[in-house]
$ cat coords.cif   # mmCIF, C-alpha atoms
data_run
loop_
_atom_site.label_atom_id
_atom_site.label_comp_id
_atom_site.auth_asym_id
_atom_site.auth_seq_id
_atom_site.Cartn_x
_atom_site.Cartn_y
_atom_site.Cartn_z
CA ASN A 1 2.38 12.83 -17.44
CA TYR A 2 0.31 15.87 -16.44
CA THR A 3 1.37 15.74 -12.82
CA SER A 4 0.48 19.40 -12.20
CA ALA A 5 -3.11 19.05 -13.44
CA PRO A 6 -5.70 19.74 -10.73
CA ASN A 7 -7.41 16.41 -11.47
CA TYR A 8 -4.18 14.43 -11.81
CA GLU A 9 -4.99 11.99 -9.02
CA SER A 10 -8.47 11.21 -10.36
CA GLN A 11 -7.07 10.79 -13.88
CA VAL A 12 -4.52 8.25 -12.64
CA ARG A 13 -7.20 6.33 -10.76
CA THR A 14 -9.41 6.32 -13.87
CA TRP A 15 -6.72 4.50 -15.84
CA MET A 16 -5.02 2.54 -13.06
CA ASP A 17 -6.55 0.22 -10.47
CA LEU A 18 -4.00 1.49 -7.97
CA PRO A 19 -4.28 -1.21 -5.25
CA ASN A 20 -4.13 -4.05 -7.78
CA PHE A 21 -1.46 -2.32 -9.86
CA LEU A 22 0.85 -1.80 -6.90
CA ARG A 23 0.28 -5.03 -4.93
CA PRO A 24 2.28 -7.26 -7.33
CA ILE A 25 5.13 -4.73 -7.21
CA ILE A 26 4.95 -4.70 -3.42
CA THR A 27 4.98 -8.50 -3.31
CA HIS A 28 8.16 -8.66 -5.39
CA HIS A 29 9.80 -6.04 -3.17
CA ILE A 30 8.83 -7.91 -0.01
CA CYS A 31 10.32 -11.11 -1.41
CA GLY A 32 13.46 -9.41 -2.79
CA SER A 33 12.53 -10.62 -6.29
CA TRP A 34 14.63 -8.11 -8.22
CA ASP A 35 14.01 -9.78 -11.62
CA SER A 36 10.69 -8.03 -12.23
CA TYR A 37 9.03 -4.90 -13.59
CA ALA A 38 9.34 -1.88 -11.29
CA TYR A 39 12.20 -3.51 -9.40
CA GLN A 40 15.47 -3.94 -11.29
CA ARG A 41 14.01 -5.16 -14.58
CA GLY A 42 11.34 -4.11 -17.03
CA LYS A 43 9.86 -7.60 -17.38
CA ASN A 44 8.20 -10.58 -15.67
CA MET A 45 4.85 -8.88 -15.15
CA TYR A 46 1.63 -8.84 -17.15
CA ALA A 47 -0.44 -5.68 -17.57
CA TYR A 48 -4.13 -6.53 -17.74
CA LYS A 49 -7.16 -4.34 -18.44
CA PRO A 50 -10.59 -5.89 -17.86
CA ASP A 51 -13.46 -4.54 -19.93
CA ASP A 52 -14.58 -1.14 -18.62
CA GLU A 53 -12.11 -1.31 -15.72
CA PRO A 54 -8.69 0.27 -15.09
CA TRP A 55 -5.32 -1.35 -15.72
CA ARG A 56 -3.77 -3.70 -13.16
CA LEU A 57 -0.72 -5.95 -12.98
CA LEU A 58 -0.46 -9.74 -12.73
CA MET A 59 2.65 -11.41 -11.32
CA TRP A 60 4.78 -13.75 -13.39
CA ASP A 61 8.05 -15.55 -12.63
CA ILE A 62 9.00 -15.00 -9.00
CA GLU A 63 11.61 -17.66 -8.20
CA LEU A 64 14.56 -15.43 -7.22
CA ALA A 65 13.16 -14.55 -3.83
CA LEU A 66 13.01 -15.11 -0.08
CA GLY A 67 16.74 -15.48 0.32
CA ALA A 68 17.27 -17.72 -2.73
CA GLY A 69 19.03 -15.51 -5.29
CA GLY A 70 16.99 -12.41 -4.54
CA ASN A 71 18.01 -9.13 -2.96
CA GLY A 72 18.76 -8.93 0.75
CA ALA A 73 16.30 -8.40 3.57
CA THR A 74 17.26 -4.71 3.95
CA ASP A 75 16.84 -3.80 0.29
CA ASP A 76 15.21 -0.40 -0.28
CA ILE A 77 11.47 -0.60 -1.01
CA TYR A 78 11.95 2.25 -3.52
CA ASN A 79 14.55 0.34 -5.53
CA MET A 80 12.75 0.63 -8.89
CA PHE A 81 13.79 0.27 -12.52
CA ASP A 82 10.80 2.41 -13.58
CA THR A 83 11.66 5.91 -12.33
CA VAL A 84 8.39 7.34 -13.66
CA LEU A 85 6.41 5.00 -11.45
CA ARG A 86 8.71 5.65 -8.49
CA ASN A 87 8.28 9.42 -8.87
CA MET A 88 4.51 9.01 -9.17
CA ILE A 89 4.52 7.15 -5.85
CA LEU A 90 6.91 9.44 -3.99
CA ASN A 91 5.48 12.76 -5.25
CA ASN A 92 1.83 12.07 -4.48
CA PRO A 93 0.99 11.39 -0.81
CA ALA A 94 -2.20 9.46 -1.65
CA PHE A 95 -0.34 7.13 -4.03
CA HIS A 96 2.55 6.86 -1.58
CA ARG A 97 0.11 5.79 1.13
CA GLU A 98 -1.33 3.08 -1.14
CA TYR A 99 2.15 1.74 -1.79
CA LEU A 100 3.12 1.73 1.88
CA ARG A 101 -0.24 0.27 2.87
CA GLY A 102 0.51 -2.88 0.91
CA PHE A 103 3.64 -3.42 2.99
CA GLN A 104 1.74 -2.68 6.20
CA GLU A 105 -0.94 -5.23 5.33
CA ALA A 106 1.79 -7.81 4.79
CA LEU A 107 3.32 -6.93 8.15
CA ASP A 108 -0.08 -7.40 9.77
CA GLY A 109 -0.67 -10.74 8.03
CA PRO A 110 1.67 -13.09 6.16
CA LEU A 111 4.82 -11.50 7.62
CA LEU A 112 3.71 -11.94 11.23
CA PRO A 113 6.21 -14.02 13.21
CA GLY A 114 5.69 -17.70 12.48
CA ALA A 115 2.84 -17.16 10.01
CA ALA A 116 4.55 -19.14 7.23
CA ASP A 117 6.33 -21.69 9.42
CA ALA A 118 3.67 -24.42 9.45
CA LEU A 119 3.30 -24.37 5.65
CA LEU A 120 7.05 -24.44 5.08
CA ASP A 121 7.57 -27.25 7.59
CA GLU A 122 4.73 -29.29 6.12
CA ARG A 123 6.10 -29.03 2.58
CA TYR A 124 9.62 -29.83 3.75
CA ALA A 125 8.44 -32.90 5.67
CA SER A 126 6.51 -34.12 2.63
CA PHE A 127 9.55 -33.84 0.40
CA GLN A 128 11.67 -35.69 2.96
CA GLN A 129 9.12 -38.48 3.24
CA ASN A 130 9.32 -38.94 -0.52
CA ASN A 131 13.13 -38.85 -0.56
CA VAL A 132 13.32 -35.62 -2.49
CA PRO A 133 16.66 -33.99 -1.63
CA LEU A 134 16.46 -30.34 -0.67
CA ILE A 135 17.73 -28.04 2.04
CA SER A 136 15.82 -26.91 5.12
CA PRO A 137 13.46 -23.94 4.70
CA GLN A 138 15.13 -22.23 7.65
CA PHE A 139 16.77 -19.73 5.30
CA ILE A 140 13.30 -18.64 4.13
CA LYS A 141 12.14 -18.20 7.73
CA SER A 142 15.25 -16.16 8.47
CA TYR A 143 14.67 -13.95 5.43
CA ILE A 144 11.03 -13.33 6.34
CA ALA A 145 11.96 -12.40 9.92
CA SER A 146 14.72 -10.06 8.77
CA ARG A 147 12.58 -8.49 6.06
CA ARG A 148 9.83 -7.87 8.59
CA SER A 149 12.28 -6.22 10.99
CA TYR A 150 13.54 -3.94 8.23
CA LEU A 151 10.08 -3.00 6.95
CA LEU A 152 8.99 -2.01 10.45
CA THR A 153 11.74 0.63 10.44
CA VAL A 154 10.48 2.32 7.25
CA MET A 155 6.72 2.27 7.80
CA PRO A 156 5.26 5.61 8.96
CA THR A 157 3.04 5.38 12.03
CA ALA A 158 0.37 7.77 13.24
CA ALA A 159 -2.70 7.58 15.40
CA PHE A 160 -5.98 8.94 14.08
CA ALA A 161 -6.37 12.45 15.43
CA VAL A 162 -8.10 15.73 14.58
CA ASN A 163 -6.03 18.89 14.88
CA ASN A 164 -8.97 21.29 15.13
CA PRO A 165 -10.14 22.38 18.58
CA GLY A 166 -13.26 20.83 20.04
CA TYR A 167 -15.09 24.16 19.60
CA GLN A 168 -14.26 26.45 16.70
CA VAL A 169 -15.79 29.68 15.44
CA VAL A 170 -15.88 30.00 11.65
CA SER A 171 -16.61 33.35 10.01
CA GLY A 172 -16.42 34.65 6.46
CA SER A 173 -17.00 31.18 4.97
CA ASN A 174 -19.40 28.30 5.34
CA VAL A 175 -16.60 25.75 4.85
CA LEU A 176 -14.55 24.32 7.68
CA SER A 177 -11.10 22.89 6.96
CA LEU A 178 -10.54 19.88 9.18
CA THR A 179 -7.00 18.55 9.45
CA GLY A 180 -5.45 15.68 11.30
CA THR A 181 -3.38 12.53 11.13
CA GLY A 182 -4.20 8.93 10.38
CA PRO A 183 -2.58 5.52 10.02
CA LEU A 184 -2.00 3.92 6.62
CA SER A 185 -5.16 1.86 7.02
CA VAL A 186 -7.44 4.92 6.72
CA GLU A 187 -9.31 4.88 3.40
CA ASN A 188 -12.38 7.03 4.12
CA ILE A 189 -13.23 9.72 6.64
CA PHE A 190 -16.88 10.23 7.55
CA ILE A 191 -18.42 13.40 8.95
CA ASN A 192 -21.80 12.71 10.53
CA GLY A 193 -21.93 9.45 8.57
CA ILE A 194 -21.13 11.01 5.20
CA PRO A 195 -17.81 10.25 3.43
CA TYR A 196 -15.92 13.37 2.34
CA PRO A 197 -13.06 13.66 -0.15
CA ILE A 198 -9.69 13.51 1.57
CA THR A 199 -6.60 15.43 0.61
CA TRP A 200 -3.50 13.71 1.95
CA THR A 201 -0.80 16.32 2.52
CA SER A 202 1.71 13.67 3.63
CA THR A 203 1.61 9.92 4.16
CA THR A 204 -0.07 10.45 7.55
CA ALA A 205 -1.59 13.98 7.41
CA TRP A 206 -5.04 14.68 5.97
CA ARG A 207 -7.38 17.58 5.22
CA VAL A 208 -11.15 17.47 4.70
CA LEU A 209 -13.36 20.42 3.71
CA VAL A 210 -16.77 20.33 5.39
CA PRO A 211 -19.68 22.63 4.40
CA LEU A 212 -21.45 24.14 7.41
CA SER A 213 -25.00 25.21 8.08
CA ALA A 214 -25.91 28.43 9.89
CA GLY A 215 -25.64 28.25 13.64
CA THR A 216 -23.92 25.55 15.67
CA ASN A 217 -22.77 22.43 13.82
CA LEU A 218 -22.04 19.19 15.66
CA LEU A 219 -19.54 17.06 13.77
CA ALA A 220 -18.98 13.37 14.50
CA ILE A 221 -15.84 12.12 12.76
CA THR A 222 -15.06 8.47 12.05
CA ALA A 223 -12.73 6.59 9.69
CA GLN A 224 -12.84 3.29 7.84
CA ASP A 225 -10.28 1.07 6.13
CA ARG A 226 -10.50 0.00 2.49
CA TYR A 227 -12.69 -2.97 3.45
CA GLY A 228 -15.29 -0.76 5.12
CA ASN A 229 -14.28 -1.64 8.68
CA THR A 230 -14.42 1.14 11.24
CA ILE A 231 -10.93 1.84 12.51
CA SER A 232 -10.58 1.48 16.25
CA ASN A 233 -10.09 4.79 18.09
CA ALA A 234 -10.62 6.70 14.82
CA THR A 235 -13.22 9.13 16.11
CA GLY A 236 -13.32 12.83 16.73
#
$ encode --input "coords.cif" --output "structure tokens"
Amino acid sequence: NYTSAPNYESQVRTWMDLPNFLRPIITHHICGSWDSYAYQRGKNMYAYKPDDEPWRLLMWDIELALGAGGNGATDDIYNMFDTVLRNMILNNPAFHREYLRGFQEALDGPLLPGAADALLDERYASFQQNNVPLISPQFIKSYIASRRSYLLTVMPTAAFAVNNPGYQVVSGSNVLSLTGTGPLSVENIFINGIPYPITWTSTTAWRVLVPLSAGTNLLAITAQDRYGNTISNATG
């Protein structure tokens, strides 16, 4: 509730395992499963807190989805019953990035064209072979394709770049403010191999404060995703 506190973001992360709290919500929104917490209902989700770890969510009951009774493929990803959670996401760029990143990871994986087709076709063929009456999964394929097309229109895109000039004179302070842009996949920014705290000023704009030594400082800048993989072309 103390959104103006200087340590608000760290307090939230202390109590909430943000990636694992948001991913079930993202999954329901991808599938159009409106009958769930943080969508159009305050139910059908478990809150779970492991010992000595932050809170996370576990999915439950997700049958109204993928074109079968769920919301349409162009439904707003910010359509949320819980306005407190929605405001937390929208008003904090770092949290907003984590939310959007879940959608981007889906676009880069299970929502890729044809990614689910083999599994759907295999299950359908098995049911047919056993004389179980059901309709073709084509409506699911159509939903996935349409949902992917919509999500691509709302995902922010940015290349990794540093705004500062290649050579910069700093006087009156031993701290350099580096700014730049980065894609949603950026989790950590390294300066000369050392990770520095990042302030996200928007979903794609960042700022890092780097202490300097006397004289000339050579700074090598790289970025990694949340799995520790170096992001291609993310150097400066």
$ resolve_selection --input "coords.cif" --expression "the PyMOL selection byres ((chain A and resi 163-168) around 8)" --output "PyMOL selection string"
chain A and resi 161-162+169-170+178-181
$ write_last_selection --input "coords.cif" --atoms "C-alpha atoms" --output "CSV table (one decimal), keeping the file's coordinate frame"
chain,number,residue,atom,x,y,z
A,161,ALA,CA,-6.4,12.4,15.4
A,162,VAL,CA,-8.1,15.7,14.6
A,169,VAL,CA,-15.8,29.7,15.4
A,170,VAL,CA,-15.9,30.0,11.6
A,178,LEU,CA,-10.5,19.9,9.2
A,179,THR,CA,-7.0,18.6,9.4
A,180,GLY,CA,-5.4,15.7,11.3
A,181,THR,CA,-3.4,12.5,11.1
$ atom_distance --input "coords.cif" --atom1 "atom CA of Gly67 of chain A" --atom2 "atom CA of Tyr143 of chain A"
5.7 Å
$ atom_distance --input "coords.cif" --atom1 "atom CA of Val208 of chain A" --atom2 "atom CA of Glu53 of chain A"
27.8 Å
$ closest_atom_pairs --input "coords.cif" --of "segment 120-165 of chain A" --to "segment 87-99 of chain A" --cutoff "12 Å" --atoms "all atoms listed in the file" --output "tab-separated table"
residue	atom	partner	partner_atom	distance
A:Met155	CA	A:Arg97	CA	10.0
A:Pro156	CA	A:Arg97	CA	9.4
A:Thr157	CA	A:Arg97	CA	11.3
$ atom_distance --input "coords.cif" --atom1 "atom CA of Lys49 of chain A" --atom2 "atom CA of Phe81 of chain A"
22.3 Å
